Amino acid sequence: MFATILQTVLRQVRRHPLYVGLNVFGLALGIGVFLTLTLLVRYEYSFNAALPDVDRLARVDTHWTMPGTPPGEVAGSTFRAMPFLREDFPEIEAGIRFEDTDLQTEREGVFTSFASGLTDPGFFGVFGLKLLHGVPDQALARPDGLVLSERAAIRLFGTTEAMGRTVPINRAGVTVTHTVTGVLARRMTPDFLSDIEMLAPFSSEDVTTRFCFRSWASDCGRIYLKFRRRGDIDAVNARLRDFVIRHAAGAEGDHTAFGVHPEKVYGLSLAKLDEARFRDFHVLYAEDGVDRTVINSIGLMGLLALALACANAVNLATARAGLRAREVAIRKTLGASRRVLFGQFMGEALLVAAIAGVLGLALCEILVPEVASLTGEELVVRYGLVGVVLPLIVLVCGLASGVYPALVLSGYRPAAVLAAARMPSGGRGAARLRDGLVTGQFGIAITIVICMLVINHQTDFMRTADPGYVRDGLLIGSAMPGSDLAAQRRMLDALRAVPGVVTAGFGELAPRPGTKNLGTYSYDGPAGPVNVYLLQDTVGAGYFEVYRPRLLAGRWFDIARGQDDVPSRDDMRTRMANVVVNAGAVSRFGFASPDQAIGKIIRSGGWTTRIIGVIDDVRFESPRQAIYPEIILFDTLAQRPFSEPIPAIRFQGVAEAEMARRLNRAWAGILPDVASDFSSVDARMAAYYSGDERRGRIFTLGAAAALLIACMGLYGLAAFAAARRVHEIGIRKTLGATGRQIVALLLGDFLRPVMVACLLACPVAWVVMRRWLAGFDERIALTPAHFLIAVAGAFAIAILTVLGQTFHLARAEPARALRAE
Amino acid sequence: MLIALSHIQRLYRSDEVETTALLDIELGIEAGEFVAIMGPSGCGKSTLLNILGTIDRPTSGSYSFGGQELTELGEAALAAFRRENLGYVFQSFNLIDELTIEENIELALIYRRMPKAERRRRVAHAMDHVGIAHRARHYPSQLSGGQQQRAAIARAIVGEPRLILADEPTGNLDTENGAQVMDILQRLNDEGATIVMVTHSPSHADLAKRRVDMLDGQVVISVRNAI
């Protein structure tokens with residue numbers, strides 16, 4: 001039996017290479033794309049899943065409810081809460097503090113950055129990660145301990161045998177020698193710690209001096225807790241409000257606490273780590289968060305690619321079944337039973353599906369590294385999963401493409417088939433099935449293409465949208481550590497003296513800001529006081545010329561006007577300061593226009609400020625995030641230093657890379673022990689866009705595959721229909737139809753299902769994309785252009801495909817066509 | 001003279017073999033004639049008919065129809081010529097399975113851009129003429145061979161062509177149906193239609209006004225039947 005099946009399939013390959021090629025390669029493409037995208041989706045769904053006891057792990061998140069700002073959840077919490085949590089909740093088995101940071105090694109003035117975490121010695125007690133070398137309990141117990149990832153160990157020493165070796169770590173200009181006390185074993189499943197290359201303990205200085213260890217209102221990292229039982233997480237979560245009321249109010253006069261009713265502005269909650277990947281998408285500053293809808297859409301696209309390919313196989317198989325009617329009739333005449341014939345046709349379909357499956361797997365092997373480089377994920381082909389999925393796909397595709405033709409073919413009555421002058425085509429039912437499948441295929445392909453166009457347009461828009469300042473010709477450095485007035489003045493002078501620099505200035509915020517200060521400001525409006533939670537920035541001379549924000553009303557700061565300069569901390573209660581606010585602040589305070597805001601007084605605590613200017617909103621953060629209402633202070637460096645200022649320069653006439661090199665050299669002249677990294681706005685903001693860009697690329701890939709599969713199907717059908725209608729075309733031409741009329745007739749027949757597909761696809765794509773775009777603060781409008789391009793593209797491809805098949809036929813001599821049967 | 005064929009030659013070339021289907025054909029047909037072409041299988045009868053019908057092109061020679069030289073016309077002009085002047089009846093009927101009998105007959109008029117009402121009128125008339133009006137809404141597969149051939153004749157005459165070409169119109173029919181078809185053709189000829197028919201049947205050939213015998217791609221005898 002198998003030999004017969006193999007022989008028949010081989011004969012088909014020889015006699016109908018186009019049909020078999022389209023069938024096998026279409027199916028292989030669908031299977032390859034499906035497998036690849038399934039692996040990608042599984043990767044996302046397995047995030048954190050392999051962390052030991054992940055169902056007992058949770059992160060403590062903070063909830064802020066501030067006036068004038070929508071409430072938001074932040075991935076992280078003050079370290080101040082840590083001892084109280086351990087005290088109050090016996091359900092907590094262990095807990096650690098964790099701060100993401102970049103640690104730098106310095107060798108002869110060259111800095112190398114490592115993605116790192118500062119944490120507590122109990123880290124391995126909570127996360128249970130395996131060490132290749134070292135003892136988990138002791139690895140971070142020494143203050144100079146250092147745990148390396150395998151990759152970091154190889155980068156530093158060329159080997160993972162790094163135990164006991166020393167590494168000079170530079171933090172904010174101070175170099176401390178650490179000793180390697182552990183090397184992490186590589187993990188195959190992704191988690192939020194996958195990118196960490198170094199782990200070091202907090203220094204005692206960190207713990208005693210840094211504000212986020214002492215104040216309830218400040219955070220610089222995250223607390224992770226391990227509970228005794230899974231159910232404990234929800235139980236403790238329910239009691240956190242009381243916890244905040246008990247502890248965060250603080251004693252009277254304690255400026256590190258909130259005072260009475262802390263729960264009105266502040267809350268804590270537990271985020272389960274096994275649910276974090278998708279939940280974090282809606283949490284501020286949770287960088288690993290991924291939109292579940294997008295991941296599901298990618299999975300759906302894989303499924304659709306497979307469905308399209310299967311539909312092709314079914315379509316071609318039913319269309320071609322008639323060609324074998326005579327073979328079936330003769331076999332039956334010679335004694336073959338219906339069951340034998342059914343078995344043979346099913347066997348053939350399964351064999352073709354199996355060949356396609358093997359080719360699909362090969363394609364998957366090729367695609368996975370490509371997708372991994374597109375998405376930046378460490379994606380590999382997992383044969384455990386593939387071993388289960390692939391045979392299933394082959395079985396389903398084989399059955400789907402085999403059952404109908406096998407049933408129809410094995411059921412032919414030999415006498416009728418042998419007597420008929422024409423080959424059967426499966427009748428009107430099969431024709432409707434074929435039309436339906438073509439409609440479905442093109443509907444899916446067009447939907448995907450519209451989505452792809454919108455996603456790419458939005459991604460492009462985010463990159464190029466006006467951020468409220470001029471980003472070309474701008475380079476931004478690292479934050480200067482500390483508050484050394486003299487060093488800050490020297491730094492500015494040094495940067496301004498670099499050839500190519502037009503102007504330089506300091507700001508405490510920059511594109512992709514690290515630390516942010518927010519505070520509540522109040523305006524005594526006609527209807528009573530209006531409180532708004534404002535983002536605070538302090539900028540210096542030159543800032544306006546460097547960033548060039550748009551002034552909407554009033555004026556910018558003037559170094560010659562003493563009142564513009566921010567008062568020293570001692571003078572703050574006695575001297576009014578002039579400030580500039582952004583458009584967002586103007587509307588939150590309820591001013592009718594920017595001009596209305598000028599001269600108005602706003603207060604914070606005991607401090608009084610007057611608005612002298614309004615600038616347009618400036619986007620320094622993710623386009624998914626709303627822009628904060630903002631207040632800007634001016635520091636001339638006359639008496640008060642900045643807190644960790646970020647230098648920015650505008651340059652001209654020098655290539656960007658060369659400019660960055662010169663600036664880094666100038667920086668090293670002032671702060672030789674601190675790494676500087678002058679980089680462009682695009683480079684700094686890239687992380688905000690990269691996720692959407694990567695998913696955009698995956699969509700493009702999927703859309704291309706879907707369209708290709710749909711076209712292969714249409715091409716095959718057009719070829720079949722053209723062949724089947726040769727005779728009819730001959731008759732029509734004999735009756736006086738011209739070649740053009742014949743082409744128009746065939747095109748019309750094929751474009752009808754494509755047109756229906758367009759009518760179905762457009763509303764679906766519209767709904768899906770409107771939902772997706774709603775997730776962006778700044779977004780493109782859905783225009784008819786997105787739809788028209790996709791529809792026109794689909795028509796053009798369909799027309800070319802059909803023309804390719806029918807043009808020669810329409811031009812042939814009718815006598816030849818009439819002889820064809 | 002309605003038709004004048006002069007030095008018509010038709011060669012078929014495959015990769016290795018060259019076959020001569022027609023060799024130096026000289027033939028004239030007057031308007032109103034009923035010509036039967038006879039000869040053994042493979043002698044070139046159908047090829048000659050195809051060339052007369054302009055659905056095949058001669059390799060060389062000249063074909064003049066009503067004084068117009070057809071061998072020089074392009075594809076679109078030939079299509080227009082067929083539309084206006086020719087009607088066909090084939091041995092295997094060549095009706096389109098997906099269209100009803102009525103639609104099949106109407107097809108011959110559709111390419112003439114004729115108003116729908118006029119088309120309907122002519123189709124009804126043609127169906128009456130051959131006696132299949134009661135089968136108008138049926139599909140070809142629902143009809144007997146004789147009925148299908150009558151539908152094919154209706155399609156051939158619906159455009160009121162100057163020339164009707166019939167390629168073994170009775171070849172797939174039983175005696176009774178064959179006789180009915182010959183009756184119709186004779187009646188059409190009596191009404192003034194010019195008919196050229198290929199046939200294997202000497203008795204049917206005798207019903208024509210002239211008989212042309214072919215052998216090996218050449219016309220060997222052309223005789224007028226005594227009627």
# chains A, B, ... in the order shown; residues from 1 in each chain; ligands from 1

call {"tool": "interface_residues", "arguments": {"of": "chain B", "to": "chain A", "cutoff": "9 Å", "atoms": "only C-alpha atoms", "output": "MDAnalysis selection string"}}
result
chainID B and resid 47 50:51 53:57 75:84 86:88 92 94:98 107:112 156

call {"tool": "residues_around", "arguments": {"residues": "stretch 174-179 of chain A", "least_positions_apart": "6", "cutoff": "6 Å", "atoms": "only C-alpha atoms", "output": "tab-separated table (two decimals) with C-alpha atoms, in the first residue's frame"}}
result
chain	number	residue	atom	x	y	z
A	144	ASP	CA	32.62	42.86	48.45
A	145	GLY	CA	30.92	39.76	47.02
A	146	LEU	CA	30.04	39.67	43.34
A	164	GLY	CA	37.98	34.38	43.90
A	165	ARG	CA	39.11	36.70	41.13
A	166	THR	CA	38.79	40.43	41.72
A	167	VAL	CA	36.85	42.98	39.71
A	168	PRO	CA	37.22	46.74	40.23

call {"tool": "select_by_dssp", "arguments": {"residues": "stretch 13-226 of chain B", "states": "helix (DSSP H, G or I)", "output": "compact mmCIF listing (two decimals) with C-alpha atoms, in the first residue's frame"}}
result
# COMPACT_ATOMS: atom_id res chain seq x y z
CA LYS B 45 -12.09 18.05 -43.07
CA SER B 46 -12.27 19.59 -39.63
CA THR B 47 -9.10 21.63 -40.21
CA LEU B 48 -10.69 23.05 -43.35
CA LEU B 49 -13.86 23.84 -41.42
CA ASN B 50 -11.83 25.49 -38.64
CA ILE B 51 -10.06 27.67 -41.19
CA LEU B 52 -13.38 28.58 -42.79
CA GLU B 75 -7.15 38.63 -33.46
CA ALA B 76 -9.72 41.25 -32.43
CA ALA B 77 -10.91 41.83 -36.01
CA LEU B 78 -11.34 38.08 -36.51
CA ALA B 79 -13.37 37.85 -33.30
CA ALA B 80 -15.58 40.66 -34.61
CA PHE B 81 -15.87 38.87 -37.97
CA ARG B 82 -16.99 35.64 -36.33
CA ARG B 83 -19.50 37.53 -34.18
CA GLU B 84 -21.16 39.09 -37.18
CA ASN B 85 -20.93 36.43 -39.86
CA ILE B 101 -29.82 26.46 -22.56
CA GLU B 102 -31.24 29.96 -22.86
CA GLU B 103 -27.99 31.52 -21.64
CA ASN B 104 -25.92 29.32 -23.94
CA ILE B 105 -27.90 30.54 -26.94
CA GLU B 106 -27.81 34.14 -25.76
CA LEU B 107 -24.01 33.94 -25.51
CA ALA B 108 -23.76 34.32 -29.30
CA LEU B 109 -25.45 37.71 -29.01
CA ILE B 110 -23.84 38.95 -25.81
CA LYS B 116 -31.25 42.75 -23.74
CA ALA B 117 -34.84 42.87 -24.99
CA GLU B 118 -33.72 42.24 -28.56
CA ARG B 119 -31.51 39.39 -27.38
CA ARG B 120 -34.41 37.81 -25.51
CA ARG B 121 -36.66 38.09 -28.55
CA ARG B 122 -34.12 36.49 -30.86
CA VAL B 123 -33.28 33.69 -28.40
CA ALA B 124 -36.96 32.82 -28.03
CA HIS B 125 -37.36 32.81 -31.79
CA ALA B 126 -34.33 30.58 -32.31
CA MET B 127 -35.51 28.12 -29.66
CA ASP B 128 -38.92 27.95 -31.29
CA HIS B 129 -37.26 27.37 -34.61
CA VAL B 130 -35.51 24.20 -33.40
CA ALA B 133 -38.28 26.37 -26.07
CA HIS B 134 -39.63 24.15 -23.27
CA ARG B 135 -36.05 23.39 -22.17
CA PRO B 140 -27.08 21.01 -20.88
CA SER B 141 -26.46 17.97 -18.68
CA GLN B 142 -30.23 17.67 -18.17
CA GLY B 145 -27.99 14.52 -27.12
CA GLY B 146 -30.53 15.45 -29.75
CA GLN B 147 -31.89 18.28 -27.64
CA GLN B 148 -28.37 19.54 -26.93
CA GLN B 149 -27.56 19.56 -30.62
CA ARG B 150 -30.75 21.45 -31.39
CA ALA B 151 -29.77 23.98 -28.72
CA ALA B 152 -26.36 24.24 -30.40
CA ILE B 153 -28.07 24.88 -33.74
CA ALA B 154 -30.26 27.53 -32.12
CA ARG B 155 -27.07 29.17 -30.86
CA ALA B 156 -25.60 29.00 -34.35
CA ILE B 157 -28.56 30.66 -36.03
CA THR B 175 -30.74 8.02 -36.44
CA GLU B 176 -33.95 9.74 -35.45
CA ASN B 177 -32.27 12.71 -33.82
CA GLY B 178 -29.76 12.85 -36.69
CA ALA B 179 -32.60 13.08 -39.18
CA GLN B 180 -34.24 15.86 -37.17
CA VAL B 181 -31.01 17.86 -37.17
CA MET B 182 -30.60 17.41 -40.93
CA ASP B 183 -34.18 18.57 -41.35
CA ILE B 184 -33.46 21.75 -39.49
CA LEU B 185 -30.30 22.40 -41.49
CA GLN B 186 -32.11 21.89 -44.75
CA ARG B 187 -34.88 24.20 -43.66
CA LEU B 188 -32.32 26.86 -42.73
CA ASN B 189 -30.70 26.47 -46.14
CA ASP B 190 -34.08 26.79 -47.81
CA PRO B 202 -23.13 9.59 -47.22
CA SER B 203 -26.91 9.81 -46.79
CA HIS B 204 -26.62 13.09 -44.91
CA ALA B 205 -24.12 14.33 -47.50
CA ASP B 206 -26.66 13.59 -50.17

call {"tool": "select_by_dssp", "arguments": {"residues": "stretch 67-124 of chain B", "states": "strand (DSSP E)", "output": "PyMOL selection string"}}
result
chain B and resi 68-69+86-89

call {"tool": "residues_around", "arguments": {"residues": "stretch 12-22 of chain B", "least_positions_apart": "4", "cutoff": "8 Å", "atoms": "only C-alpha atoms", "output": "number ranges by chain"}}
result
B: 8, 42-44, 47-48, 216-218

call {"tool": "closest_residue", "arguments": {"among": "A:Glu73, A:Glu108, A:Asp88, A:Asp692", "to": "A:Val265", "atoms": "only C-alpha atoms"}}
result
A:Glu73

call {"tool": "residues_around", "arguments": {"residues": "A:Ser46", "least_positions_apart": "6", "cutoff": "12 Å", "atoms": "only C-alpha atoms", "output": "compact mmCIF listing (two decimals) with N, CA and C atoms, in the first residue's frame"}}
result
# COMPACT_ATOMS: atom_id res chain seq x y z
N THR A 38 4.58 29.96 17.19
CA THR A 38 4.18 29.23 18.40
C THR A 38 5.32 29.23 19.41
N LEU A 39 6.54 29.01 18.91
CA LEU A 39 7.70 29.03 19.82
C LEU A 39 7.84 30.40 20.47
N LEU A 40 7.59 31.45 19.68
CA LEU A 40 7.71 32.81 20.21
C LEU A 40 6.65 33.06 21.29
N VAL A 54 7.84 29.84 41.79
CA VAL A 54 7.38 31.13 41.27
C VAL A 54 5.98 31.47 41.77
N MET A 188 17.54 28.30 30.62
CA MET A 188 17.01 28.22 29.26
C MET A 188 15.68 28.96 29.12
N THR A 189 14.97 29.10 30.23
CA THR A 189 13.65 29.74 30.16
C THR A 189 13.79 31.18 30.62
N PRO A 190 13.13 32.10 29.92
CA PRO A 190 13.35 33.52 30.23
C PRO A 190 12.67 33.94 31.53
N ASP A 191 13.30 34.85 32.25
CA ASP A 191 12.66 35.46 33.41
C ASP A 191 13.17 36.90 33.53
N PHE A 192 12.65 37.61 34.51
CA PHE A 192 12.97 39.03 34.58
C PHE A 192 14.42 39.26 34.98
N LEU A 273 4.59 37.07 40.55
CA LEU A 273 5.61 37.02 39.50
C LEU A 273 5.21 36.11 38.35
N ASP A 274 4.40 35.09 38.62
CA ASP A 274 4.03 34.20 37.51
C ASP A 274 3.01 34.86 36.58
N GLU A 275 2.46 35.99 37.00
CA GLU A 275 1.52 36.70 36.13
C GLU A 275 2.10 38.02 35.64
N ALA A 276 3.37 38.26 36.00
CA ALA A 276 3.91 39.61 35.82
C ALA A 276 4.10 39.99 34.35
N ARG A 277 4.45 39.03 33.49
CA ARG A 277 4.83 39.38 32.12
C ARG A 277 3.77 40.25 31.43
N PHE A 278 2.53 39.82 31.51
CA PHE A 278 1.47 40.54 30.80
C PHE A 278 0.86 41.64 31.67
N LEU A 379 15.43 33.01 21.51
CA LEU A 379 14.50 32.00 21.04
C LEU A 379 15.26 30.82 20.45

call {"tool": "residues_around", "arguments": {"residues": "A:Ala153", "least_positions_apart": "5", "cutoff": "12 Å", "atoms": "only C-alpha atoms", "output": "list in words"}}
result
Phe114, Leu132, His133, Leu146, Val147, Leu148, Gly158, Thr159, Thr160, Glu161, Ala162, Met163, Gly164, Arg165, Thr166, Val167, Val180, Thr181, Gly182, Val183, Leu184, Ala185, Arg186, Glu197 and Met198 of chain A

call {"tool": "residues_around", "arguments": {"residues": "stretch 343-359 of chain A", "least_positions_apart": "4", "cutoff": "7 Å", "atoms": "only C-alpha atoms", "output": "MDAnalysis selection string"}}
result
chainID A and resid 5 9 24:25 27:28 31 339 363 390 394:395 397:399 401:403 406

call {"tool": "write_last_selection", "arguments": {"atoms": "C-alpha atoms", "output": "mmCIF file, in the first residue's frame"}}
result
data_model
loop_
_atom_site.group_PDB
_atom_site.id
_atom_site.type_symbol
_atom_site.label_atom_id
_atom_site.label_comp_id
_atom_site.auth_asym_id
_atom_site.auth_seq_id
_atom_site.Cartn_x
_atom_site.Cartn_y
_atom_site.Cartn_z
ATOM 1 C CA ILE A 5 1.086 5.680 -2.378
ATOM 2 C CA VAL A 9 2.930 10.831 -5.188
ATOM 3 C CA VAL A 24 3.861 21.232 -0.557
ATOM 4 C CA PHE A 25 5.607 24.599 -0.342
ATOM 5 C CA LEU A 27 1.842 23.953 3.424
ATOM 6 C CA ALA A 28 5.527 24.004 4.444
ATOM 7 C CA ILE A 31 3.747 25.049 9.058
ATOM 8 C CA ARG A 339 -12.328 1.553 0.988
ATOM 9 C CA LEU A 363 11.977 26.525 7.535
ATOM 10 C CA LEU A 390 4.354 18.824 14.303
ATOM 11 C CA VAL A 394 0.648 16.913 9.737
ATOM 12 C CA LEU A 395 -2.284 14.767 10.791
ATOM 13 C CA CYS A 397 -3.503 19.081 7.442
ATOM 14 C CA GLY A 398 -3.393 15.644 5.867
ATOM 15 C CA LEU A 399 -6.898 14.808 7.023
ATOM 16 C CA SER A 401 -6.817 18.136 2.575
ATOM 17 C CA GLY A 402 -7.458 14.426 2.090
ATOM 18 C CA VAL A 403 -10.938 13.696 3.382
ATOM 19 C CA ALA A 406 -10.949 10.977 -0.962
#

call {"tool": "residues_around", "arguments": {"residues": "B:Met1", "least_positions_apart": "4", "cutoff": "8 Å", "atoms": "only C-alpha atoms", "output": "VMD selection string"}}
result
chain B and resid 28 to 31 66

call {"tool": "atom_distance", "arguments": {"atom1": "atom CA of B:Arg210", "atom2": "atom CA of B:Ala4"}}
result
15.6 Å

call {"tool": "decode", "arguments": {"residues": "stretch 62-93 of chain B", "atoms": "N, CA and C atoms", "output": "PDB file, in the first residue's frame"}}
result
ATOM      1  N   SER B  62      -4.752  32.201 -49.289  1.00  0.00           N
ATOM      2  CA  SER B  62      -5.635  33.340 -49.067  1.00  0.00           C
ATOM      3  C   SER B  62      -7.062  32.870 -48.844  1.00  0.00           C
ATOM      4  N   TYR B  63      -7.784  33.589 -47.973  1.00  0.00           N
ATOM      5  CA  TYR B  63      -9.164  33.265 -47.647  1.00  0.00           C
ATOM      6  C   TYR B  63      -9.950  34.567 -47.742  1.00  0.00           C
ATOM      7  N   SER B  64     -10.823  34.596 -48.745  1.00  0.00           N
ATOM      8  CA  SER B  64     -11.615  35.807 -48.924  1.00  0.00           C
ATOM      9  C   SER B  64     -13.081  35.492 -48.638  1.00  0.00           C
ATOM     10  N   PHE B  65     -13.699  36.348 -47.822  1.00  0.00           N
ATOM     11  CA  PHE B  65     -15.096  36.151 -47.439  1.00  0.00           C
ATOM     12  C   PHE B  65     -15.864  37.400 -47.845  1.00  0.00           C
ATOM     13  N   GLY B  66     -16.785  37.258 -48.809  1.00  0.00           N
ATOM     14  CA  GLY B  66     -17.550  38.414 -49.288  1.00  0.00           C
ATOM     15  C   GLY B  66     -16.633  39.497 -49.806  1.00  0.00           C
ATOM     16  N   GLY B  67     -15.486  39.098 -50.393  1.00  0.00           N
ATOM     17  CA  GLY B  67     -14.560  40.064 -50.947  1.00  0.00           C
ATOM     18  C   GLY B  67     -13.537  40.590 -49.956  1.00  0.00           C
ATOM     19  N   GLN B  68     -13.687  40.210 -48.667  1.00  0.00           N
ATOM     20  CA  GLN B  68     -12.731  40.701 -47.664  1.00  0.00           C
ATOM     21  C   GLN B  68     -11.680  39.624 -47.398  1.00  0.00           C
ATOM     22  N   GLU B  69     -10.385  40.009 -47.459  1.00  0.00           N
ATOM     23  CA  GLU B  69      -9.305  39.056 -47.205  1.00  0.00           C
ATOM     24  C   GLU B  69      -9.159  38.876 -45.682  1.00  0.00           C
ATOM     25  N   LEU B  70      -9.341  37.620 -45.222  1.00  0.00           N
ATOM     26  CA  LEU B  70      -9.356  37.404 -43.771  1.00  0.00           C
ATOM     27  C   LEU B  70      -7.996  37.065 -43.188  1.00  0.00           C
ATOM     28  N   THR B  71      -7.091  36.533 -44.021  1.00  0.00           N
ATOM     29  CA  THR B  71      -5.813  36.063 -43.456  1.00  0.00           C
ATOM     30  C   THR B  71      -4.975  37.211 -42.915  1.00  0.00           C
ATOM     31  N   GLU B  72      -5.336  38.427 -43.331  1.00  0.00           N
ATOM     32  CA  GLU B  72      -4.526  39.566 -42.866  1.00  0.00           C
ATOM     33  C   GLU B  72      -5.095  40.196 -41.591  1.00  0.00           C
ATOM     34  N   LEU B  73      -6.242  39.714 -41.149  1.00  0.00           N
ATOM     35  CA  LEU B  73      -6.877  40.375 -39.990  1.00  0.00           C
ATOM     36  C   LEU B  73      -6.227  39.946 -38.680  1.00  0.00           C
ATOM     37  N   GLY B  74      -6.255  40.850 -37.716  1.00  0.00           N
ATOM     38  CA  GLY B  74      -5.729  40.562 -36.375  1.00  0.00           C
ATOM     39  C   GLY B  74      -6.745  39.807 -35.551  1.00  0.00           C
ATOM     40  N   GLU B  75      -6.327  39.475 -34.330  1.00  0.00           N
ATOM     41  CA  GLU B  75      -7.153  38.628 -33.465  1.00  0.00           C
ATOM     42  C   GLU B  75      -8.505  39.276 -33.157  1.00  0.00           C
ATOM     43  N   ALA B  76      -8.476  40.572 -32.816  1.00  0.00           N
ATOM     44  CA  ALA B  76      -9.720  41.246 -32.429  1.00  0.00           C
ATOM     45  C   ALA B  76     -10.659  41.377 -33.631  1.00  0.00           C
ATOM     46  N   ALA B  77     -10.084  41.669 -34.810  1.00  0.00           N
ATOM     47  CA  ALA B  77     -10.909  41.827 -36.008  1.00  0.00           C
ATOM     48  C   ALA B  77     -11.547  40.492 -36.395  1.00  0.00           C
ATOM     49  N   LEU B  78     -10.792  39.412 -36.206  1.00  0.00           N
ATOM     50  CA  LEU B  78     -11.345  38.083 -36.514  1.00  0.00           C
ATOM     51  C   LEU B  78     -12.486  37.752 -35.561  1.00  0.00           C
ATOM     52  N   ALA B  79     -12.303  38.101 -34.275  1.00  0.00           N
ATOM     53  CA  ALA B  79     -13.373  37.855 -33.300  1.00  0.00           C
ATOM     54  C   ALA B  79     -14.630  38.604 -33.738  1.00  0.00           C
ATOM     55  N   ALA B  80     -14.448  39.852 -34.170  1.00  0.00           N
ATOM     56  CA  ALA B  80     -15.584  40.659 -34.611  1.00  0.00           C
ATOM     57  C   ALA B  80     -16.222  40.035 -35.863  1.00  0.00           C
ATOM     58  N   PHE B  81     -15.372  39.517 -36.751  1.00  0.00           N
ATOM     59  CA  PHE B  81     -15.866  38.874 -37.974  1.00  0.00           C
ATOM     60  C   PHE B  81     -16.741  37.664 -37.632  1.00  0.00           C
ATOM     61  N   ARG B  82     -16.236  36.842 -36.711  1.00  0.00           N
ATOM     62  CA  ARG B  82     -16.986  35.643 -36.327  1.00  0.00           C
ATOM     63  C   ARG B  82     -18.333  36.032 -35.728  1.00  0.00           C
ATOM     64  N   ARG B  83     -18.275  37.048 -34.832  1.00  0.00           N
ATOM     65  CA  ARG B  83     -19.496  37.528 -34.185  1.00  0.00           C
ATOM     66  C   ARG B  83     -20.588  37.855 -35.186  1.00  0.00           C
ATOM     67  N   GLU B  84     -20.186  38.540 -36.241  1.00  0.00           N
ATOM     68  CA  GLU B  84     -21.164  39.094 -37.177  1.00  0.00           C
ATOM     69  C   GLU B  84     -21.595  38.111 -38.251  1.00  0.00           C
ATOM     70  N   ASN B  85     -20.689  37.186 -38.639  1.00  0.00           N
ATOM     71  CA  ASN B  85     -20.930  36.427 -39.857  1.00  0.00           C
ATOM     72  C   ASN B  85     -21.116  34.929 -39.709  1.00  0.00           C
ATOM     73  N   LEU B  86     -20.631  34.365 -38.576  1.00  0.00           N
ATOM     74  CA  LEU B  86     -20.570  32.899 -38.536  1.00  0.00           C
ATOM     75  C   LEU B  86     -21.424  32.288 -37.435  1.00  0.00           C
ATOM     76  N   GLY B  87     -21.911  31.076 -37.709  1.00  0.00           N
ATOM     77  CA  GLY B  87     -22.557  30.271 -36.696  1.00  0.00           C
ATOM     78  C   GLY B  87     -21.957  28.870 -36.752  1.00  0.00           C
ATOM     79  N   TYR B  88     -21.792  28.233 -35.569  1.00  0.00           N
ATOM     80  CA  TYR B  88     -21.137  26.924 -35.531  1.00  0.00           C
ATOM     81  C   TYR B  88     -22.037  25.870 -34.919  1.00  0.00           C
ATOM     82  N   VAL B  89     -21.931  24.670 -35.482  1.00  0.00           N
ATOM     83  CA  VAL B  89     -22.538  23.503 -34.843  1.00  0.00           C
ATOM     84  C   VAL B  89     -21.446  22.440 -34.781  1.00  0.00           C
ATOM     85  N   PHE B  90     -21.198  21.904 -33.545  1.00  0.00           N
ATOM     86  CA  PHE B  90     -20.123  20.924 -33.394  1.00  0.00           C
ATOM     87  C   PHE B  90     -20.697  19.538 -33.144  1.00  0.00           C
ATOM     88  N   GLN B  91     -19.844  18.553 -33.396  1.00  0.00           N
ATOM     89  CA  GLN B  91     -20.263  17.175 -33.130  1.00  0.00           C
ATOM     90  C   GLN B  91     -20.562  16.984 -31.641  1.00  0.00           C
ATOM     91  N   SER B  92     -19.670  17.543 -30.793  1.00  0.00           N
ATOM     92  CA  SER B  92     -19.858  17.340 -29.349  1.00  0.00           C
ATOM     93  C   SER B  92     -20.608  18.513 -28.720  1.00  0.00           C
ATOM     94  N   PHE B  93     -21.409  19.193 -29.480  1.00  0.00           N
ATOM     95  CA  PHE B  93     -22.334  20.247 -29.060  1.00  0.00           C
ATOM     96  C   PHE B  93     -21.631  21.510 -28.539  1.00  0.00           C
TER      97      PHE B  93
END
